[in-house]
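Below is one structure, written out as structure tokens; the observations come after it.
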Amino acid sequence: MAPCLVGKLVTEVEIKTNLDGHYKLYKHYQDLPKVLPQIYSSVKVIEGDGAQSGCVKEWGYACEGKSLTTVQEKTTYTDETMTICHCAVGGDMMNDYKKFHLILTVSPKANECGGILSLSIEYEKVNEYSPAPIAYLDLCQKIIEGMNSYLCSSE
């Protein structure tokens, strides 16, 4: 395994709205295609109970101008730390990545309203020609901004 094939991208975004709302919206995935139809076209549970940690879901989404891309991912939740881990296990994404883990953590700021949403992508590319997942980090930024706008408008 060549070191240039493995990497980690990290971003943090300050959230001014209800942190619990962000976490619950990510965790209760069914609403995401309604909240962000420009990104998500579909989501369905293909293994387990969608509300339980360890379930497998298939997402249809748009990235880099491609109208429909799919990923099957296993999702685990840790409510105590407000952490969600999405691990790709199938779909179009696996053409470029052997490993793709998207980890989201929502953390409150001490003595303040809001908090920090941390997002990391741990990946291993299929080969040196596979792109680093910068486009996915950009997509996640758009998702966070869209969800923040949605939650602000519904408060």
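Labeling convention for the structure tokens: chains A, B, ... as they appear, residues from 1 per chain, ligands from 1 in order of appearance.
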Spatial neighbours of range 55-58 of chain A, 7 Å, only C-alpha atoms, chain gap at least 4 places, as an NGL selection string: :A and (43-50 or 70-75)
Selection file, all heavy atoms, as an mmCIF file, in the first residue's frame:
data_model
loop_
_atom_site.group_PDB
_atom_site.id
_atom_site.type_symbol
_atom_site.label_atom_id
_atom_site.label_comp_id
_atom_site.auth_asym_id
_atom_site.auth_seq_id
_atom_site.Cartn_x
_atom_site.Cartn_y
_atom_site.Cartn_z
ATOM 1 N N VAL A 43 -32.974 8.050 -0.585
ATOM 2 C CA VAL A 43 -32.311 7.301 0.477
ATOM 3 C C VAL A 43 -33.234 6.144 0.839
ATOM 4 O O VAL A 43 -34.448 6.303 0.904
ATOM 5 C CB VAL A 43 -31.982 8.164 1.718
ATOM 6 C CG1 VAL A 43 -33.225 8.758 2.333
ATOM 7 C CG2 VAL A 43 -31.201 7.350 2.750
ATOM 8 N N LYS A 44 -32.639 4.968 0.996
ATOM 9 C CA LYS A 44 -33.436 3.816 1.429
ATOM 10 C C LYS A 44 -32.569 2.904 2.288
ATOM 11 O O LYS A 44 -31.354 2.802 2.088
ATOM 12 C CB LYS A 44 -34.018 3.058 0.245
ATOM 13 C CG LYS A 44 -33.004 2.393 -0.650
ATOM 14 C CD LYS A 44 -33.668 1.657 -1.797
ATOM 15 C CE LYS A 44 -32.604 1.063 -2.710
ATOM 16 N NZ LYS A 44 -33.174 0.322 -3.813
ATOM 17 N N VAL A 45 -33.206 2.280 3.247
ATOM 18 C CA VAL A 45 -32.526 1.326 4.123
ATOM 19 C C VAL A 45 -32.468 -0.001 3.388
ATOM 20 O O VAL A 45 -33.480 -0.477 2.873
ATOM 21 C CB VAL A 45 -33.277 1.182 5.460
ATOM 22 C CG1 VAL A 45 -32.641 0.095 6.323
ATOM 23 C CG2 VAL A 45 -33.311 2.509 6.196
ATOM 24 N N ILE A 46 -31.281 -0.586 3.310
ATOM 25 C CA ILE A 46 -31.157 -1.879 2.640
ATOM 26 C C ILE A 46 -30.781 -3.002 3.604
ATOM 27 O O ILE A 46 -30.832 -4.163 3.244
ATOM 28 C CB ILE A 46 -30.183 -1.829 1.441
ATOM 29 C CG1 ILE A 46 -28.804 -1.359 1.853
ATOM 30 C CG2 ILE A 46 -30.737 -0.940 0.344
ATOM 31 C CD1 ILE A 46 -27.771 -1.409 0.730
ATOM 32 N N GLU A 47 -30.426 -2.612 4.842
ATOM 33 C CA GLU A 47 -30.113 -3.636 5.850
ATOM 34 C C GLU A 47 -30.337 -3.035 7.236
ATOM 35 O O GLU A 47 -29.861 -1.941 7.521
ATOM 36 C CB GLU A 47 -28.650 -4.070 5.709
ATOM 37 C CG GLU A 47 -28.236 -5.202 6.607
ATOM 38 C CD GLU A 47 -26.782 -5.589 6.368
ATOM 39 O OE1 GLU A 47 -26.427 -5.860 5.213
ATOM 40 O OE2 GLU A 47 -26.027 -5.598 7.358
ATOM 41 N N GLY A 48 -31.067 -3.750 8.073
ATOM 42 C CA GLY A 48 -31.305 -3.304 9.438
ATOM 43 C C GLY A 48 -32.435 -2.294 9.537
ATOM 44 O O GLY A 48 -33.208 -2.098 8.605
ATOM 45 N N ASP A 49 -32.491 -1.667 10.693
ATOM 46 C CA ASP A 49 -33.488 -0.638 10.981
ATOM 47 C C ASP A 49 -32.786 0.708 10.819
ATOM 48 O O ASP A 49 -31.803 0.981 11.494
ATOM 49 C CB ASP A 49 -33.994 -0.834 12.416
ATOM 50 C CG ASP A 49 -34.943 0.253 12.870
ATOM 51 O OD1 ASP A 49 -35.190 1.207 12.119
ATOM 52 O OD2 ASP A 49 -35.430 0.156 14.003
ATOM 53 N N GLY A 50 -33.280 1.545 9.965
ATOM 54 C CA GLY A 50 -32.638 2.825 9.674
ATOM 55 C C GLY A 50 -32.395 3.705 10.872
ATOM 56 O O GLY A 50 -31.551 4.589 10.830
ATOM 57 N N THR A 70 -24.425 6.907 -6.528
ATOM 58 C CA THR A 70 -24.934 6.148 -5.391
ATOM 59 C C THR A 70 -23.799 5.737 -4.463
ATOM 60 O O THR A 70 -22.661 5.567 -4.898
ATOM 61 C CB THR A 70 -25.678 4.870 -5.824
ATOM 62 O OG1 THR A 70 -24.765 4.021 -6.527
ATOM 63 C CG2 THR A 70 -26.875 5.192 -6.679
ATOM 64 N N VAL A 71 -24.155 5.600 -3.215
ATOM 65 C CA VAL A 71 -23.252 5.024 -2.234
ATOM 66 C C VAL A 71 -24.105 4.223 -1.254
ATOM 67 O O VAL A 71 -25.194 4.635 -0.877
ATOM 68 C CB VAL A 71 -22.410 6.087 -1.483
ATOM 69 C CG1 VAL A 71 -23.271 7.021 -0.663
ATOM 70 C CG2 VAL A 71 -21.349 5.422 -0.610
ATOM 71 N N GLN A 72 -23.606 3.056 -0.935
ATOM 72 C CA GLN A 72 -24.194 2.266 0.144
ATOM 73 C C GLN A 72 -23.261 2.440 1.322
ATOM 74 O O GLN A 72 -22.039 2.286 1.172
ATOM 75 C CB GLN A 72 -24.306 0.800 -0.257
ATOM 76 C CG GLN A 72 -25.269 0.575 -1.395
ATOM 77 C CD GLN A 72 -25.218 -0.840 -1.937
ATOM 78 O OE1 GLN A 72 -24.421 -1.651 -1.506
ATOM 79 N NE2 GLN A 72 -26.075 -1.118 -2.890
ATOM 80 N N GLU A 73 -23.836 2.809 2.459
ATOM 81 C CA GLU A 73 -22.989 3.069 3.613
ATOM 82 C C GLU A 73 -23.585 2.508 4.884
ATOM 83 O O GLU A 73 -24.786 2.485 5.057
ATOM 84 C CB GLU A 73 -22.710 4.569 3.744
ATOM 85 C CG GLU A 73 -23.923 5.464 3.740
ATOM 86 C CD GLU A 73 -24.501 5.732 5.111
ATOM 87 O OE1 GLU A 73 -23.854 5.456 6.129
ATOM 88 O OE2 GLU A 73 -25.636 6.202 5.161
ATOM 89 N N LYS A 74 -22.680 2.026 5.725
ATOM 90 C CA LYS A 74 -23.062 1.546 7.050
ATOM 91 C C LYS A 74 -22.894 2.716 8.009
ATOM 92 O O LYS A 74 -21.847 3.360 8.043
ATOM 93 C CB LYS A 74 -22.172 0.379 7.478
ATOM 94 C CG LYS A 74 -22.558 -0.202 8.811
ATOM 95 C CD LYS A 74 -21.739 -1.443 9.107
ATOM 96 C CE LYS A 74 -22.240 -2.094 10.381
ATOM 97 N NZ LYS A 74 -21.549 -3.364 10.623
ATOM 98 N N THR A 75 -23.943 2.987 8.771
ATOM 99 C CA THR A 75 -23.939 4.132 9.672
ATOM 100 C C THR A 75 -23.920 3.670 11.121
ATOM 101 O O THR A 75 -24.703 2.805 11.504
ATOM 102 C CB THR A 75 -25.211 4.986 9.452
ATOM 103 O OG1 THR A 75 -25.298 5.337 8.083
ATOM 104 C CG2 THR A 75 -25.168 6.245 10.281
#
Backbone DSSP call of strand (DSSP E or B) for chain A, listed as number ranges by chain: A: 6-15, 40-47, 55-63, 66-78, 83-91, 97-108, 115-125
Pick from A:Asn18, A:Thr76, A:Thr83, A:Ser130, whichever lies nearest to Lys98 in chain A using only C-alpha atoms: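 Answer, going by the shortest atom-to-atom distance: A:Ser130.
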Dump as a tab-separated table the rows for residues of range 26-122 of chain A within 12 Å of range 151-155 of chain A: closest atom pair and distance in Å with one decimal, only C-alpha atoms counted, ordered by chain and rising residue number.
residue	atom	partner	partner_atom	distance
A:Tyr26	CA	A:Leu151	CA	11.9
A:Leu32	CA	A:Leu151	CA	11.9
A:Val35	CA	A:Leu151	CA	9.6
A:Leu36	CA	A:Leu151	CA	11.9
A:Gly114	CA	A:Cys152	CA	11.7
Distance query Thr11 in chain A at most 8 Å, only C-alpha atoms, self and fewer than 6 positions along chain excluded, as a list in words: Ser118, Leu119, Ser120 and Leu137 of chain A
Among the residues A:Glu12, A:Lys109, A:Glu64, A:Tyr97, the one that comes closest to Glu128 in chain A [using only C-alpha atoms]: A:Tyr97
